[in-house]
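K.L.:
To be precise about what I am sending: the file is called protein.cif and holds mmCIF, C-alpha atoms.
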data_final
#
loop_
_atom_site.group_PDB
_atom_site.id
_atom_site.type_symbol
_atom_site.label_atom_id
_atom_site.label_comp_id
_atom_site.auth_asym_id
_atom_site.auth_seq_id
_atom_site.Cartn_x
_atom_site.Cartn_y
_atom_site.Cartn_z
ATOM 1 C CA MET A 1 151.466 170.515 115.520
ATOM 2 C CA LYS A 2 147.918 169.773 114.227
ATOM 3 C CA LYS A 3 145.986 172.440 112.428
ATOM 4 C CA GLY A 4 142.326 173.106 113.016
ATOM 5 C CA ALA A 5 140.057 173.359 115.986
ATOM 6 C CA PRO A 6 140.599 171.030 118.929
ATOM 7 C CA PRO A 7 138.202 168.075 118.997
ATOM 8 C CA LYS A 8 135.052 168.478 121.112
ATOM 9 C CA TYR A 9 134.997 164.774 121.992
ATOM 10 C CA THR A 10 137.844 162.453 122.913
ATOM 11 C CA ASP A 11 138.032 158.959 121.479
ATOM 12 C CA LYS A 12 137.154 157.557 124.901
ATOM 13 C CA GLN A 13 134.023 159.728 125.052
ATOM 14 C CA LEU A 14 132.985 158.624 121.573
ATOM 15 C CA LYS A 15 133.507 154.943 122.499
ATOM 16 C CA ASP A 16 131.432 155.395 125.652
ATOM 17 C CA ILE A 17 128.636 157.079 123.684
ATOM 18 C CA LEU A 18 128.812 154.282 121.100
ATOM 19 C CA LEU A 19 128.568 151.615 123.828
ATOM 20 C CA LYS A 20 125.571 153.373 125.389
ATOM 21 C CA TYR A 21 123.873 153.405 121.980
ATOM 22 C CA ILE A 22 124.630 149.683 121.508
ATOM 23 C CA SER A 23 123.247 148.818 124.941
ATOM 24 C CA LYS A 24 119.992 150.654 124.129
ATOM 25 C CA ASN A 25 119.741 149.099 120.636
ATOM 26 C CA PRO A 26 121.211 145.565 120.766
ATOM 27 C CA GLY A 27 121.419 143.704 117.478
ATOM 28 C CA LYS A 28 120.741 146.755 115.284
ATOM 29 C CA LYS A 29 123.098 147.679 112.490
ATOM 30 C CA ILE A 30 125.001 150.875 113.253
ATOM 31 C CA ASN A 31 125.829 153.625 110.774
ATOM 32 C CA PRO A 32 127.077 157.215 111.214
ATOM 33 C CA SER A 33 123.768 158.793 110.142
ATOM 34 C CA ILE A 34 121.822 156.922 112.813
ATOM 35 C CA LEU A 35 124.459 157.835 115.397
ATOM 36 C CA GLU A 36 124.193 161.504 114.388
ATOM 37 C CA ARG A 37 120.410 161.395 114.817
ATOM 38 C CA GLU A 38 120.598 159.659 118.189
ATOM 39 C CA THR A 39 123.575 161.466 119.739
ATOM 40 C CA GLY A 40 123.715 164.860 118.023
ATOM 41 C CA ILE A 41 127.368 164.310 117.102
ATOM 42 C CA ASN A 42 128.094 164.948 113.419
ATOM 43 C CA ARG A 43 128.254 161.827 111.230
ATOM 44 C CA PHE A 44 131.599 162.954 109.781
ATOM 45 C CA ILE A 45 133.129 162.682 113.266
ATOM 46 C CA TRP A 46 131.755 159.136 113.590
ATOM 47 C CA THR A 47 133.020 158.247 110.115
ATOM 48 C CA ARG A 48 136.533 159.686 110.575
ATOM 49 C CA ARG A 49 137.233 158.640 114.128
ATOM 50 C CA MET A 50 135.110 155.557 114.867
ATOM 51 C CA SER A 51 134.633 153.819 111.507
ATOM 52 C CA GLU A 52 136.774 150.809 112.538
ATOM 53 C CA GLN A 53 134.849 150.285 115.778
ATOM 54 C CA ILE A 54 131.509 150.668 113.980
ATOM 55 C CA ALA A 55 132.552 148.126 111.348
ATOM 56 C CA LYS A 56 133.655 145.689 114.085
ATOM 57 C CA LEU A 57 130.364 146.058 115.918
ATOM 58 C CA ASN A 58 128.325 145.528 112.755
ATOM 59 C CA GLU A 59 130.039 142.233 111.940
ATOM 60 C CA PRO A 60 129.508 139.432 114.465
ATOM 61 C CA VAL A 61 132.725 137.642 115.314
ATOM 62 C CA GLN A 62 132.475 134.114 113.920
ATOM 63 C CA GLN A 63 134.253 130.896 114.577
ATOM 64 C CA GLY A 64 133.542 127.603 112.804
ATOM 65 C CA VAL A 65 132.438 124.487 114.654
ATOM 66 C CA ALA A 66 134.512 121.404 113.905
ATOM 67 C CA GLY A 67 132.690 118.298 112.720
ATOM 68 C CA THR A 68 129.822 120.054 110.961
ATOM 69 C CA ASP A 69 129.100 120.404 107.274
ATOM 70 C CA GLY A 70 128.576 124.156 107.474
ATOM 71 C CA ALA A 71 130.189 126.532 109.916
ATOM 72 C CA LEU A 72 127.936 127.926 112.605
ATOM 73 C CA PRO A 73 128.426 131.586 113.427
ATOM 74 C CA LEU A 74 129.820 131.410 116.951
ATOM 75 C CA PRO A 75 131.501 134.352 118.637
ATOM 76 C CA ASN A 76 135.151 133.995 119.529
ATOM 77 C CA VAL A 77 134.863 134.122 123.319
ATOM 78 C CA VAL A 78 138.533 134.939 123.916
ATOM 79 C CA GLU A 79 138.429 137.911 121.560
ATOM 80 C CA LEU A 80 135.176 139.176 123.073
ATOM 81 C CA VAL A 81 136.516 138.974 126.621
ATOM 82 C CA GLU A 82 139.750 140.735 125.653
ATOM 83 C CA THR A 83 137.840 143.452 123.790
ATOM 84 C CA TYR A 84 135.242 144.081 126.498
ATOM 85 C CA TRP A 85 137.264 143.174 129.615
ATOM 86 C CA ASN A 86 136.487 146.412 131.444
ATOM 87 C CA ASN A 87 133.026 146.888 129.968
ATOM 88 C CA LYS A 88 130.395 144.510 131.325
ATOM 89 C CA THR A 89 127.604 146.088 129.248
ATOM 90 C CA GLY A 90 129.644 145.820 126.054
ATOM 91 C CA LEU A 91 130.365 142.141 126.716
ATOM 92 C CA ILE A 92 126.699 141.422 127.382
ATOM 93 C CA ASN A 93 125.724 143.160 124.150
ATOM 94 C CA ALA A 94 128.390 141.333 122.181
ATOM 95 C CA LEU A 95 127.147 137.995 123.482
ATOM 96 C CA ALA A 96 123.485 138.850 122.815
ATOM 97 C CA HIS A 97 123.899 137.633 119.210
ATOM 98 C CA TYR A 98 125.231 134.330 120.512
ATOM 99 C CA ASN A 99 122.295 133.926 122.890
ATOM 100 C CA GLU A 100 119.755 134.717 120.136
ATOM 101 C CA MET A 101 121.415 132.196 117.825
ATOM 102 C CA LEU A 102 121.320 129.456 120.477
ATOM 103 C CA ASN A 103 117.635 130.140 121.123
ATOM 104 C CA ALA A 104 116.879 130.009 117.389
ATOM 105 C CA LEU A 105 118.777 126.723 117.006
ATOM 106 C CA HIS A 106 116.953 125.273 120.009
ATOM 107 C CA GLN A 107 113.590 126.226 118.482
ATOM 108 C CA LYS A 108 114.606 124.645 115.158
ATOM 109 C CA ALA A 109 115.661 121.455 116.947
ATOM 110 C CA LYS A 110 112.317 121.245 118.763
ATOM 111 C CA LYS A 111 110.464 121.845 115.489
ATOM 112 C CA TYR A 112 112.584 119.171 113.792
ATOM 113 C CA ASP A 113 111.737 116.641 116.527
ATOM 114 C CA THR A 114 108.025 117.438 116.170
ATOM 115 C CA ILE A 115 108.134 117.043 112.383
ATOM 116 C CA LEU A 116 110.109 113.811 112.706
ATOM 117 C CA GLN A 117 107.492 112.373 115.078
ATOM 118 C CA GLU A 118 104.685 113.447 112.720
ATOM 119 C CA ASN A 119 106.477 111.752 109.806
ATOM 120 C CA GLN A 120 106.823 108.533 111.790
ATOM 121 C CA ASP A 121 103.122 108.627 112.658
ATOM 122 C CA LEU A 122 102.213 109.188 109.004
ATOM 123 C CA VAL A 123 104.423 106.294 107.878
ATOM 124 C CA ALA A 124 102.675 104.009 110.390
ATOM 125 C CA LYS A 125 99.241 105.163 109.156
ATOM 126 C CA LEU A 126 100.323 104.662 105.548
ATOM 127 C CA SER A 127 101.453 101.079 106.151
ATOM 128 C CA LEU A 128 98.145 100.372 107.946
ATOM 129 C CA LYS A 129 96.150 101.801 105.010
ATOM 130 C CA GLU A 130 98.224 99.799 102.510
ATOM 131 C CA GLU A 131 97.465 96.638 104.491
ATOM 132 C CA GLN A 132 93.751 97.479 104.454
ATOM 133 C CA ILE A 133 93.879 98.082 100.691
ATOM 134 C CA LYS A 134 95.568 94.701 100.181
ATOM 135 C CA THR A 135 92.917 92.960 102.284
ATOM 136 C CA LEU A 136 90.075 94.670 100.402
ATOM 137 C CA LYS A 137 91.592 93.771 97.011
ATOM 138 C CA ASN A 138 91.745 90.111 98.046
ATOM 139 C CA GLU A 139 88.122 90.298 99.181
ATOM 140 C CA ILE A 140 87.131 91.839 95.821
ATOM 141 C CA LYS A 141 88.894 89.016 93.964
ATOM 142 C CA LEU A 142 87.093 86.384 96.044
ATOM 143 C CA LEU A 143 83.673 88.010 95.534
ATOM 144 C CA LYS A 144 84.311 88.391 91.808
ATOM 145 C CA LYS A 145 85.254 84.703 91.561
ATOM 146 C CA GLN A 146 82.120 83.674 93.475
ATOM 147 C CA TYR A 147 79.953 85.931 91.302
ATOM 148 C CA LEU A 148 81.351 84.436 88.090
ATOM 149 C CA GLU A 149 80.801 80.915 89.417
ATOM 150 C CA VAL A 150 77.179 81.703 90.237
ATOM 151 C CA ALA A 151 76.701 83.399 86.856
ATOM 152 C CA VAL A 152 78.134 80.439 84.963
ATOM 153 C CA LYS A 153 76.282 77.849 87.037
ATOM 154 C CA SER A 154 72.979 79.664 86.544
ATOM 155 C CA THR A 155 73.183 79.085 82.781
ATOM 156 C CA TYR A 156 73.336 75.284 83.081
ATOM 157 C CA LYS A 157 70.213 73.356 83.936
ATOM 158 C CA THR A 158 72.035 70.744 86.051
ATOM 159 C CA PHE A 159 73.615 73.363 88.281
ATOM 160 C CA GLN A 160 70.343 75.267 88.542
ATOM 161 C CA GLU A 161 68.644 72.256 90.038
ATOM 162 C CA GLU A 162 71.575 71.363 92.351
ATOM 163 C CA GLU A 163 72.166 74.879 93.618
ATOM 164 C CA GLY A 164 68.515 75.973 93.613
ATOM 165 C CA LEU A 165 69.166 78.745 91.078
ATOM 166 C CA GLU A 166 66.564 80.217 88.845
ATOM 167 C CA LYS A 167 67.076 81.388 85.353
ATOM 168 C CA SER A 168 65.732 84.878 85.171
ATOM 169 C CA TYR A 169 65.101 85.912 81.607
ATOM 170 C CA PRO A 170 62.842 88.801 80.724
#
Just give me the structure as structure tokens.
P.N.:
Amino acid sequence: MKKGAPPKYTDKQLKDILLKYISKNPGKKINPSILERETGINRFIWTRRMSEQIAKLNEPVQQGVAGTDGALPLPNVVELVETYWNNKTGLINALAHYNEMLNALHQKAKKYDTILQENQDLVAKLSLKEEQIKTLKNEIKLLKKQYLEVAVKSTYKTFQEEEGLEKSYP
């Protein structure tokens, strides 16, 4: 025979209240103090009687993906279905994390594709600029050679007459 006052809430009632809280606040971390504030049920009751369920709800169920370097946090679908078989709202809330993760990965993939395309465009522009630089360097070499020829030829009288160059001394 147990001593003390009979409990005001059954475990089933507490689980139902907890599931209602989760459905109103998906993705938020749960602790007994928040539950006390939201439900009016003392945090010691939540701690003593529902601590395992709260801990389970706070940790997303994860399963690694084969063939990847790092494991992706994927929910174990079998475990989720068995846990929330009779509770459609609970199952939806449990899978909300999975849905958010897929959306985030999709956004990252789109961003990656955009950045990859930008990089390819920049590489093409860079090779074009390098080609232009090479062409301009060759042109500079040719002009420098022609300038030196004219400068040297202008100092000799024979070339001055042949080329029609004038000697310009101050």
K.L.:
Apply the PyMOL selection byres ((chain A and resi 31-46) around 12) to the file shown and report the selected residues as a PyMOL selection string.
P.N.:
chain A and resi 7-11+13-22+24-25+28-30+47-58
K.L.:
State, in Å with one decimal place, the distance from atom CA of A:Gly27 to atom CA of A:Lys110.
P.N.:
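Going from atom CA of A:Gly27 over to atom CA of A:Lys110 covers 24.3 Å.
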K.L.:
Enter the distance from atom CA of A:Ser23 to atom CA of A:Thr89, in Å, rounded to one decimal.
P.N.:
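Spanning atom CA of A:Ser23 to atom CA of A:Thr89 is a straight-line distance of 6.7 Å.
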K.L.:
Quick one: distance from atom CA of A:Ala124 to atom CA of A:Leu136 in Å, one decimal?
P.N.:
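Pair atom CA of A:Ala124 / atom CA of A:Leu136 returns 18.6 Å.
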K.L.:
Put a box with edges along x, y and z around all the listed atoms of stretch 147-164 of chain A, pad it by 5 Å on each side, then give me its centre and sizes in Å, one decimal, as lines of an AutoDock Vina configuration file.
P.N.:
center_x = 74.9
center_y = 78.3
center_z = 88.2
size_x = 22.8
size_y = 25.2
size_z = 20.8
K.L.:
Can you work out which one of A:Gln117, A:Val78, A:Tyr156, A:Pro26 has the shortest atom-to-atom distance to A:Ile92, counting only C-alpha atoms?
P.N.:
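Closest residue, counting only C-alpha atoms: A:Pro26.
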K.L.:
For stretch 89-100 of chain A of the block above, can you save N, CA and C atoms as a PDB file, in the first residue's frame?
P.N.:
ATOM      1  N   THR A  89      -1.202  13.329 -34.058  1.00  0.00           N
ATOM      2  CA  THR A  89      -0.554  14.608 -33.776  1.00  0.00           C
ATOM      3  C   THR A  89       0.882  14.399 -33.295  1.00  0.00           C
ATOM      4  N   GLY A  90       1.062  13.419 -32.417  1.00  0.00           N
ATOM      5  CA  GLY A  90       2.410  13.124 -31.921  1.00  0.00           C
ATOM      6  C   GLY A  90       3.344  12.696 -33.034  1.00  0.00           C
ATOM      7  N   LEU A  91       2.851  11.879 -33.971  1.00  0.00           N
ATOM      8  CA  LEU A  91       3.663  11.433 -35.093  1.00  0.00           C
ATOM      9  C   LEU A  91       4.031  12.606 -36.002  1.00  0.00           C
ATOM     10  N   ILE A  92       3.069  13.474 -36.243  1.00  0.00           N
ATOM     11  CA  ILE A  92       3.342  14.651 -37.076  1.00  0.00           C
ATOM     12  C   ILE A  92       4.404  15.522 -36.415  1.00  0.00           C
ATOM     13  N   ASN A  93       4.284  15.718 -35.121  1.00  0.00           N
ATOM     14  CA  ASN A  93       5.272  16.542 -34.409  1.00  0.00           C
ATOM     15  C   ASN A  93       6.638  15.884 -34.393  1.00  0.00           C
ATOM     16  N   ALA A  94       6.667  14.575 -34.264  1.00  0.00           N
ATOM     17  CA  ALA A  94       7.955  13.877 -34.243  1.00  0.00           C
ATOM     18  C   ALA A  94       8.638  13.961 -35.604  1.00  0.00           C
ATOM     19  N   LEU A  95       7.852  13.971 -36.657  1.00  0.00           N
ATOM     20  CA  LEU A  95       8.433  14.041 -38.001  1.00  0.00           C
ATOM     21  C   LEU A  95       8.696  15.473 -38.460  1.00  0.00           C
ATOM     22  N   ALA A  96       8.267  16.459 -37.682  1.00  0.00           N
ATOM     23  CA  ALA A  96       8.497  17.858 -38.048  1.00  0.00           C
ATOM     24  C   ALA A  96       9.992  18.152 -38.146  1.00  0.00           C
ATOM     25  N   HIS A  97      10.786  17.581 -37.241  1.00  0.00           N
ATOM     26  CA  HIS A  97      12.243  17.767 -37.272  1.00  0.00           C
ATOM     27  C   HIS A  97      12.808  17.239 -38.590  1.00  0.00           C
ATOM     28  N   TYR A  98      12.330  16.091 -39.003  1.00  0.00           N
ATOM     29  CA  TYR A  98      12.771  15.477 -40.248  1.00  0.00           C
ATOM     30  C   TYR A  98      12.446  16.379 -41.438  1.00  0.00           C
ATOM     31  N   ASN A  99      11.258  16.908 -41.461  1.00  0.00           N
ATOM     32  CA  ASN A  99      10.822  17.790 -42.548  1.00  0.00           C
ATOM     33  C   ASN A  99      11.676  19.056 -42.587  1.00  0.00           C
ATOM     34  N   GLU A 100      11.932  19.658 -41.424  1.00  0.00           N
ATOM     35  CA  GLU A 100      12.763  20.867 -41.353  1.00  0.00           C
ATOM     36  C   GLU A 100      14.173  20.582 -41.858  1.00  0.00           C
TER      37      GLU A 100
END
